[in-house]
$ cat start_26.cif   # mmCIF, C-alpha atoms
data_start
#
loop_
_atom_site.label_atom_id
_atom_site.label_comp_id
_atom_site.auth_asym_id
_atom_site.auth_seq_id
_atom_site.Cartn_x
_atom_site.Cartn_y
_atom_site.Cartn_z
CA MET A 10 48.02 -15.17 -52.13
CA SER A 11 46.90 -14.99 -48.54
CA TYR A 12 43.86 -13.78 -46.72
CA GLU A 13 42.33 -13.88 -43.29
CA VAL A 14 38.71 -14.43 -42.38
CA TYR A 15 37.23 -13.00 -39.21
CA LYS A 16 33.94 -14.55 -38.27
CA VAL A 17 31.29 -12.41 -36.63
CA LYS A 18 29.49 -14.10 -33.79
CA ASP A 19 25.75 -14.38 -33.85
CA PHE A 20 24.23 -11.43 -32.04
CA SER A 21 20.95 -9.62 -31.71
CA ILE A 22 20.84 -5.89 -32.29
CA LYS A 23 19.07 -3.97 -29.55
CA LYS A 24 17.70 -0.68 -30.80
CA MET A 25 18.91 2.20 -28.66
CA PRO A 26 16.06 4.27 -27.20
CA PHE A 27 16.95 7.75 -28.42
CA LYS A 28 16.67 10.17 -31.31
CA LEU A 29 18.82 13.03 -32.57
CA LEU A 30 17.07 16.38 -32.18
CA TYR A 31 19.72 18.65 -33.68
CA ILE A 32 23.39 19.10 -34.42
CA THR A 33 25.07 22.47 -34.88
CA ARG A 34 28.57 23.93 -35.12
CA SER A 35 28.99 27.28 -33.38
CA GLU A 36 31.76 29.78 -32.68
CA TYR A 37 31.46 32.53 -30.09
CA ASP A 38 33.57 35.56 -29.23
CA LYS A 39 35.84 35.98 -26.22
CA GLY A 40 33.88 36.41 -23.02
CA TRP A 41 30.60 35.18 -24.56
CA HIS A 42 28.21 33.13 -22.45
CA SER A 43 24.75 31.66 -22.90
CA THR A 44 21.93 32.18 -20.45
CA GLN A 45 21.32 29.67 -17.65
CA HIS A 46 19.02 26.98 -18.97
CA THR A 47 17.95 23.34 -18.85
CA HIS A 48 16.76 20.86 -21.48
CA HIS A 49 14.54 17.80 -21.38
CA PHE A 50 17.18 15.97 -23.43
CA THR A 51 20.89 15.15 -23.16
CA GLU A 52 23.40 17.53 -24.74
CA LEU A 53 26.85 16.65 -26.08
CA PHE A 54 29.42 19.38 -26.76
CA TYR A 55 32.66 18.66 -28.57
CA ILE A 56 35.15 21.52 -28.14
CA VAL A 57 36.72 22.04 -31.57
CA LYS A 58 39.01 24.84 -30.41
CA GLY A 59 39.38 27.52 -27.78
CA LYS A 60 38.81 27.43 -24.04
CA GLY A 61 35.92 28.19 -21.76
CA SER A 62 33.84 26.66 -19.01
CA PHE A 63 30.50 25.12 -18.20
CA ILE A 64 28.83 26.64 -15.18
CA LEU A 65 26.41 24.74 -12.95
CA PRO A 66 24.59 26.29 -9.95
CA THR A 67 27.39 25.26 -7.55
CA LEU A 68 30.29 24.38 -9.84
CA GLU A 69 32.37 25.71 -12.74
CA ILE A 70 34.14 23.19 -14.99
CA PRO A 71 36.89 24.40 -17.37
CA VAL A 72 36.94 22.95 -20.89
CA LYS A 73 39.43 23.07 -23.73
CA GLU A 74 40.06 21.79 -27.25
CA ASN A 75 39.27 18.06 -27.73
CA ASP A 76 37.04 17.82 -24.64
CA LEU A 77 33.67 16.15 -25.02
CA VAL A 78 31.11 17.43 -22.52
CA MET A 79 27.96 15.44 -21.73
CA ILE A 80 25.10 17.15 -19.91
CA ASN A 81 22.14 15.12 -18.71
CA PRO A 82 18.52 16.25 -18.98
CA ASN A 83 17.23 18.90 -16.57
CA VAL A 84 20.70 19.96 -15.39
CA GLU A 85 20.83 23.76 -15.13
CA HIS A 86 23.92 25.11 -16.85
CA THR A 87 25.44 27.82 -18.99
CA GLU A 88 28.53 27.72 -21.17
CA ARG A 89 30.97 30.54 -21.89
CA SER A 90 34.21 31.42 -23.62
CA ASN A 91 37.07 32.68 -21.49
CA SER A 92 38.39 36.20 -21.86
CA GLN A 93 41.34 35.20 -24.07
CA ASP A 94 39.85 32.58 -26.41
CA SER A 95 36.84 32.25 -28.64
CA LEU A 96 35.00 28.99 -28.02
CA GLU A 97 34.09 26.80 -30.99
CA TYR A 98 32.13 23.60 -30.55
CA ILE A 99 29.84 21.07 -32.15
CA ALA A 100 26.66 20.52 -30.11
CA LEU A 101 24.12 17.71 -30.29
CA GLY A 102 20.74 17.36 -28.63
CA ILE A 103 19.72 13.72 -28.08
CA GLU A 104 16.42 12.68 -26.53
CA GLY A 105 15.66 9.46 -24.68
CA PHE A 106 18.57 8.71 -22.36
CA SER A 107 20.98 10.06 -19.76
CA PHE A 108 24.56 9.14 -18.84
CA SER A 109 25.88 7.78 -15.59
CA LEU A 110 29.31 6.54 -14.55
CA ALA A 111 29.71 3.22 -12.78
CA GLU A 112 32.12 4.78 -10.26
CA GLU A 113 29.87 7.82 -9.71
CA LYS A 114 26.44 6.28 -9.17
CA ASP A 115 25.66 8.69 -6.35
CA SER A 116 26.72 11.78 -8.31
CA GLN A 117 23.97 14.33 -8.85
CA MET A 118 26.08 16.61 -11.01
CA GLY A 119 24.88 15.27 -14.35
CA LEU A 120 27.80 16.71 -16.32
CA TYR A 121 30.79 14.65 -17.47
CA THR A 122 33.85 15.40 -19.56
CA TYR A 123 35.73 12.96 -21.74
CA GLN A 124 39.14 13.34 -23.38
CA GLY A 125 40.49 11.09 -26.07
CA ASP A 126 39.84 9.62 -29.52
CA ARG A 127 39.80 13.10 -31.07
CA GLU A 128 40.16 11.94 -34.66
CA ASP A 129 37.52 9.25 -34.24
CA ILE A 130 34.91 11.43 -32.53
CA PHE A 131 35.58 14.44 -34.75
CA PHE A 132 35.25 12.26 -37.87
CA TYR A 133 31.81 11.00 -36.87
CA LEU A 134 30.58 14.42 -35.77
CA ASN A 135 31.58 15.94 -39.10
CA LYS A 136 29.82 13.09 -40.91
CA LEU A 137 26.69 13.93 -38.91
CA LEU A 138 26.96 17.59 -39.91
CA ASP A 139 27.46 16.62 -43.57
CA GLU A 140 24.39 14.38 -43.56
CA VAL A 141 22.12 16.93 -41.88
CA GLN A 142 23.32 19.75 -44.13
CA SER A 143 23.03 17.75 -47.36
CA ASN A 144 19.56 16.45 -46.42
CA LYS A 145 19.82 13.57 -48.90
CA GLU A 146 17.48 10.60 -49.06
CA ASP A 147 17.38 8.56 -45.82
CA TYR A 148 19.91 10.82 -44.09
CA GLU A 149 18.03 10.25 -40.83
CA ILE A 150 18.96 6.55 -40.91
CA ILE A 151 22.65 7.38 -41.37
CA CYS A 152 22.51 9.95 -38.55
CA GLN A 153 20.88 7.49 -36.17
CA ASN A 154 23.55 4.88 -36.91
CA ILE A 155 26.40 7.37 -36.46
CA ILE A 156 24.97 8.44 -33.09
CA GLU A 157 24.76 4.81 -31.99
CA ILE A 158 28.41 4.27 -32.97
CA LEU A 159 29.46 7.33 -30.94
CA ILE A 160 27.53 6.22 -27.88
CA VAL A 161 28.97 2.70 -28.02
CA LYS A 162 32.50 4.12 -28.26
CA LEU A 163 31.86 6.36 -25.26
CA ARG A 164 30.59 3.44 -23.22
CA ARG A 165 33.70 1.44 -24.12
CA GLY A 166 36.20 4.14 -23.21
CA LYS A 167 34.72 5.54 -20.02
CA ASN A 168 32.49 2.80 -18.65
CA PHE A 169 29.37 4.87 -19.10
CA THR A 170 25.96 3.35 -18.65
CA LEU A 171 22.80 4.66 -20.27
CA GLU A 172 19.57 5.22 -18.44
CA LYS A 173 16.36 5.55 -20.41
CA THR A 174 14.44 8.79 -19.97
CA GLU A 175 10.87 9.50 -21.00
CA PRO A 176 10.59 11.63 -24.13
CA LYS A 177 8.62 14.88 -23.94
CA ASN A 178 7.34 14.57 -27.51
CA ILE A 179 8.58 18.07 -28.32
CA ASN A 180 9.03 18.67 -32.04
CA ARG A 181 12.65 18.55 -33.24
CA ALA A 182 12.36 22.01 -34.76
CA VAL A 183 11.07 23.39 -31.45
CA SER A 184 13.96 21.79 -29.55
CA PHE A 185 16.45 23.38 -31.92
CA ILE A 186 14.81 26.81 -31.78
CA LYS A 187 14.90 26.76 -27.96
CA TYR A 188 18.61 25.87 -28.14
CA TYR A 189 19.24 28.61 -30.72
CA ILE A 190 17.50 31.25 -28.59
CA ASN A 191 19.44 30.29 -25.45
CA GLN A 192 22.72 30.66 -27.34
CA ASN A 193 21.94 33.80 -29.34
CA TYR A 194 19.42 35.82 -27.32
CA ARG A 195 21.69 38.89 -27.41
CA ASP A 196 21.32 39.17 -31.18
CA ALA A 197 18.52 40.88 -33.08
CA ILE A 198 16.09 37.96 -33.48
CA THR A 199 12.77 37.88 -35.31
CA LEU A 200 10.47 35.04 -36.30
CA ASP A 201 12.08 35.20 -39.76
CA THR A 202 15.52 34.82 -38.16
CA LEU A 203 14.41 31.73 -36.24
CA ALA A 204 12.73 30.20 -39.29
CA GLU A 205 15.87 30.71 -41.37
CA ALA A 206 18.10 29.23 -38.62
CA GLY A 207 15.87 26.16 -38.34
CA HIS A 208 15.25 25.82 -42.10
CA ILE A 209 11.52 25.79 -41.44
CA ASN A 210 8.46 27.71 -42.57
CA LYS A 211 7.88 30.53 -40.08
CA TYR A 212 4.11 29.97 -39.87
CA TYR A 213 4.60 26.27 -39.15
CA LEU A 214 7.27 27.18 -36.57
CA ALA A 215 5.00 29.67 -34.80
CA HIS A 216 2.14 27.15 -34.67
CA THR A 217 4.29 24.18 -33.57
CA PHE A 218 6.23 26.15 -30.94
CA LYS A 219 3.01 27.50 -29.39
CA LYS A 220 1.48 24.00 -29.42
CA ASP A 221 4.49 22.38 -27.69
CA MET A 222 5.58 25.20 -25.36
CA GLY A 223 2.37 27.11 -24.69
CA ILE A 224 3.93 30.42 -25.75
CA SER A 225 5.21 31.91 -29.01
CA PRO A 226 8.89 31.81 -29.99
CA ILE A 227 9.21 35.57 -29.43
CA GLU A 228 7.58 35.31 -25.99
CA TYR A 229 10.07 32.57 -25.12
CA LEU A 230 12.91 34.80 -26.37
CA ASN A 231 11.75 37.63 -24.11
CA GLN A 232 11.55 35.23 -21.14
CA VAL A 233 15.17 34.18 -21.73
CA ARG A 234 16.30 37.80 -22.03
CA ILE A 235 14.47 38.86 -18.87
CA LYS A 236 15.88 35.91 -16.93
CA GLU A 237 19.40 37.04 -17.86
CA ALA A 238 18.50 40.68 -17.13
CA LYS A 239 17.46 39.70 -13.58
CA ILE A 240 20.88 38.14 -13.00
CA LEU A 241 22.61 41.31 -14.24
CA LEU A 242 20.36 43.52 -12.11
CA ASP A 243 21.14 41.35 -9.07
CA THR A 244 24.89 41.01 -9.55
CA THR A 245 26.21 44.05 -11.43
CA ASP A 246 26.07 47.83 -11.39
CA TYR A 247 25.41 48.10 -15.12
CA THR A 248 22.95 50.81 -16.06
CA ILE A 249 19.45 49.84 -17.16
CA ALA A 250 20.32 50.98 -20.69
CA SER A 251 23.43 48.76 -20.72
CA ILE A 252 21.48 45.74 -19.49
CA ALA A 253 18.84 46.32 -22.17
CA GLU A 254 21.57 46.31 -24.82
CA ILE A 255 23.44 43.32 -23.38
CA THR A 256 20.29 41.18 -23.29
CA GLY A 257 19.27 41.99 -26.85
CA PHE A 258 16.40 44.43 -26.40
CA SER A 259 16.16 47.05 -29.13
CA SER A 260 15.78 49.93 -26.65
CA GLN A 261 15.67 50.70 -22.95
CA SER A 262 11.99 51.62 -23.16
CA PHE A 263 11.05 48.32 -24.81
CA PHE A 264 13.12 46.45 -22.21
CA THR A 265 11.34 48.27 -19.38
CA GLN A 266 7.93 47.52 -20.89
CA ALA A 267 8.72 43.81 -21.39
CA PHE A 268 10.27 43.50 -17.92
CA LYS A 269 7.28 45.14 -16.22
CA ARG A 270 4.82 43.04 -18.19
CA THR A 271 6.57 39.87 -16.98
CA THR A 272 7.51 40.80 -13.38
CA ARG A 273 5.03 43.61 -12.63
CA GLN A 274 8.02 45.74 -11.63
CA THR A 275 10.30 48.10 -13.50
CA PRO A 276 13.96 47.02 -13.74
CA SER A 277 14.92 49.82 -11.32
CA LYS A 278 12.37 48.75 -8.72
CA TYR A 279 13.36 45.09 -9.12
CA ARG A 280 17.02 45.96 -8.48
CA LYS A 281 16.14 48.08 -5.47
CA GLU A 282 13.97 45.33 -3.93
CA ALA A 283 16.59 42.64 -4.64
CA ARG A 284 19.32 44.62 -2.90
CA LYS A 285 17.19 45.14 0.18
CA LYS A 286 17.28 41.37 0.68
CA ILE A 287 21.10 41.17 0.69
#
$ encode --input "start_26.cif" --output "structure tokens"
Amino acid sequence: MSYEVYKVKDFSIKKMPFKLLYITRSEYDKGWHSTQHTHHFTELFYIVKGKGSFILPTLEIPVKENDLVMINPNVEHTERSNSQDSLEYIALGIEGFSFSLAEEKDSQMGLYTYQGDREDIFFYLNKLLDEVQSNKEDYEIICQNIIEILIVKLRRGKNFTLEKTEPKNINRAVSFIKYYINQNYRDAITLDTLAEAGHINKYYLAHTFKKDMGISPIEYLNQVRIKEAKILLDTTDYTIASIAEITGFSSQSFFTQAFKRTTRQTPSKYRKEARKKI
């Protein structure tokens, strides 16, 4: 008989200043992209398969299977699949901290990629998904501990440091619904759709979203769609009807009404004025 004993040194556990807002696994078609957006929290994307890119205002960063992408709060970005591959990823929203690299202290980019430890990271992310989906007793405690393990492993492997950020006290359900809208604004979305996606009572969702954001979920959805429509009006020759369809409006007339209500211009007039400035 033989055995070995490994003593654990005395240590104090310092609680990490963050909370998990959501975790989701998504797959998108070839050529898909989200709208340009920012968050008050940090996002982590693990690319399960496929290829695509993350687009910042002045930079495009290609990503592929096994990449882990970390995006700091308030960094404007959009993600997209490339034209040959669907993009599948696991995404997490985590409030309370941001990343920085010791060798990149002056970097203002706020987006980092990490390759390595696929089996390890993928294992923990799937455990997180299992816990959230099963919703068993004290699953929140398990999720918090798994997140802390992941963050410690990232700090070990890449020499990341964490900087505390002030929470916005936005409800977790509201944070997820904002994320869901930014990813899926092209689809037919109703309050019932959002409530089902967030596993939440639709009346509670409507009240909480309005309380935290100052507008209803559907108003926020229309803002996201119109923001994307402006980009298409500025940069493409798509017809107004095509842009209405691409951005998820049920008809050209409803798109025109919503656009005019928000911008005080019709889509055609907005395009004409924008092109005068070029």
$ atom_distance --input "start_26.cif" --atom1 "CA of Gln274 (chain A)" --atom2 "CA of Pro226 (chain A)"
23.1 Å
$ closest_atom_pairs --input "start_26.cif" --of "region 126-235 of chain A" --to "region 30-47 of chain A" --cutoff "9 Å" --atoms "all atoms listed in the file" --output "Markdown table"
| residue | atom | partner | partner_atom | distance |
| --- | --- | --- | --- | --- |
| A:Leu134 | CA | A:Ile32 | CA | 8.7 |
| A:Leu137 | CA | A:Ile32 | CA | 7.6 |
| A:Leu138 | CA | A:Ile32 | CA | 6.7 |
| A:Val141 | CA | A:Ile32 | CA | 7.9 |
| A:Asn180 | CA | A:Leu30 | CA | 8.4 |
| A:Arg181 | CA | A:Leu30 | CA | 5.0 |
| A:Ala182 | CA | A:Leu30 | CA | 7.8 |
| A:Ser184 | CA | A:Leu30 | CA | 6.8 |
| A:Phe185 | CA | A:Tyr31 | CA | 6.0 |
| A:Asn191 | CA | A:Thr44 | CA | 5.9 |
| A:Gln192 | CA | A:Ser43 | CA | 5.0 |
| A:Asn193 | CA | A:Ser43 | CA | 7.3 |
| A:Tyr194 | CA | A:Ser43 | CA | 8.1 |
| A:Val233 | CA | A:Thr44 | CA | 7.2 |
| A:Arg234 | CA | A:Thr44 | CA | 8.1 |
$ resolve_selection --input "start_26.cif" --expression "the PyMOL selection byres ((chain A and resi 229) around 12)" --output "VMD selection string"
chain A and resid 183 186 to 191 194 198 to 200 203 215 218 to 219 221 to 228 230 to 236 267 271
$ atom_distance --input "start_26.cif" --atom1 "CA of Tyr213 (chain A)" --atom2 "CA of Cys152 (chain A)"
24.2 Å
$ residues_around --input "start_26.cif" --residues "Glu254 (chain A)" --least-positions-apart "3" --cutoff "12 Å" --atoms "only C-alpha atoms" --output "list in words"
Tyr194, Arg195, Asp196, Ala197, Arg234, Ile235, Glu237, Ala238, Leu241, Tyr247, Thr248, Ile249, Ala250, Ser251, Gly257, Phe258, Ser259, Ser260, Gln261, Ser262, Phe263, Phe264 and Thr265 of chain A
$ write_last_selection --input "start_26.cif" --atoms "C-alpha atoms" --output "PDB file, in the frame of the given file"
ATOM      1  CA  TYR A 194      19.420  35.820 -27.320  1.00  0.00           C
ATOM      2  CA  ARG A 195      21.690  38.890 -27.410  1.00  0.00           C
ATOM      3  CA  ASP A 196      21.320  39.170 -31.180  1.00  0.00           C
ATOM      4  CA  ALA A 197      18.520  40.880 -33.080  1.00  0.00           C
ATOM      5  CA  ARG A 234      16.300  37.800 -22.030  1.00  0.00           C
ATOM      6  CA  ILE A 235      14.470  38.860 -18.870  1.00  0.00           C
ATOM      7  CA  GLU A 237      19.400  37.040 -17.860  1.00  0.00           C
ATOM      8  CA  ALA A 238      18.500  40.680 -17.130  1.00  0.00           C
ATOM      9  CA  LEU A 241      22.610  41.310 -14.240  1.00  0.00           C
ATOM     10  CA  TYR A 247      25.410  48.100 -15.120  1.00  0.00           C
ATOM     11  CA  THR A 248      22.950  50.810 -16.060  1.00  0.00           C
ATOM     12  CA  ILE A 249      19.450  49.840 -17.160  1.00  0.00           C
ATOM     13  CA  ALA A 250      20.320  50.980 -20.690  1.00  0.00           C
ATOM     14  CA  SER A 251      23.430  48.760 -20.720  1.00  0.00           C
ATOM     15  CA  GLY A 257      19.270  41.990 -26.850  1.00  0.00           C
ATOM     16  CA  PHE A 258      16.400  44.430 -26.400  1.00  0.00           C
ATOM     17  CA  SER A 259      16.160  47.050 -29.130  1.00  0.00           C
ATOM     18  CA  SER A 260      15.780  49.930 -26.650  1.00  0.00           C
ATOM     19  CA  GLN A 261      15.670  50.700 -22.950  1.00  0.00           C
ATOM     20  CA  SER A 262      11.990  51.620 -23.160  1.00  0.00           C
ATOM     21  CA  PHE A 263      11.050  48.320 -24.810  1.00  0.00           C
ATOM     22  CA  PHE A 264      13.120  46.450 -22.210  1.00  0.00           C
ATOM     23  CA  THR A 265      11.340  48.270 -19.380  1.00  0.00           C
TER      24      THR A 265
END
$ atom_distance --input "start_26.cif" --atom1 "CA of Gln93 (chain A)" --atom2 "CA of Ile64 (chain A)"
17.6 Å
$ residues_around --input "start_26.cif" --residues "Tyr133 (chain A)" --least-positions-apart "5" --cutoff "9 Å" --atoms "all atoms listed in the file" --output "number ranges by chain"
A: 128, 138, 155-156, 158-159
$ residues_around --input "start_26.cif" --residues "Glu104 (chain A)" --least-positions-apart "5" --cutoff "9 Å" --atoms "all atoms listed in the file" --output "list in words"
Pro26, Phe27, Lys28, Leu29, Leu30, His49, Phe50, Thr51, Glu52, Pro82, Thr174, Glu175, Pro176 and Lys177 of chain A
$ write_last_selection --input "start_26.cif" --atoms "C-alpha atoms" --output "compact mmCIF listing (two decimals), in the frame of the given file"
# COMPACT_ATOMS: atom_id res chain seq x y z
CA PRO A 26 16.06 4.27 -27.20
CA PHE A 27 16.95 7.75 -28.42
CA LYS A 28 16.67 10.17 -31.31
CA LEU A 29 18.82 13.03 -32.57
CA LEU A 30 17.07 16.38 -32.18
CA HIS A 49 14.54 17.80 -21.38
CA PHE A 50 17.18 15.97 -23.43
CA THR A 51 20.89 15.15 -23.16
CA GLU A 52 23.40 17.53 -24.74
CA PRO A 82 18.52 16.25 -18.98
CA THR A 174 14.44 8.79 -19.97
CA GLU A 175 10.87 9.50 -21.00
CA PRO A 176 10.59 11.63 -24.13
CA LYS A 177 8.62 14.88 -23.94
$ residues_around --input "start_26.cif" --residues "Val78 (chain A)" --least-positions-apart "3" --cutoff "6 Å" --atoms "all atoms listed in the file" --output "list of chain:residue names"
A:Leu53, A:Phe54, A:Tyr121, A:Thr122
$ closest_residue --input "start_26.cif" --among "A:Asn135, A:Asn210, A:Asn83, A:Asn91" --to "Ser107 (chain A)" --atoms "all atoms listed in the file"
A:Asn83
$ closest_residue --input "start_26.cif" --among "A:Glu69, A:Glu97, A:Glu172, A:Asp243" --to "Glu85 (chain A)" --atoms "only C-alpha atoms"
A:Glu69
$ closest_residue --input "start_26.cif" --among "A:Ser95, A:Ile160, A:Leu101, A:Val14" --to "Ile80 (chain A)" --atoms "all atoms listed in the file"
A:Leu101
$ residues_near_point --input "start_26.cif" --point "(18.3, 49.8, -8.4)" --cutoff "12 Å" --atoms "all atoms listed in the file" --output "ChimeraX atom specification"
/A:239,241-249,274-285
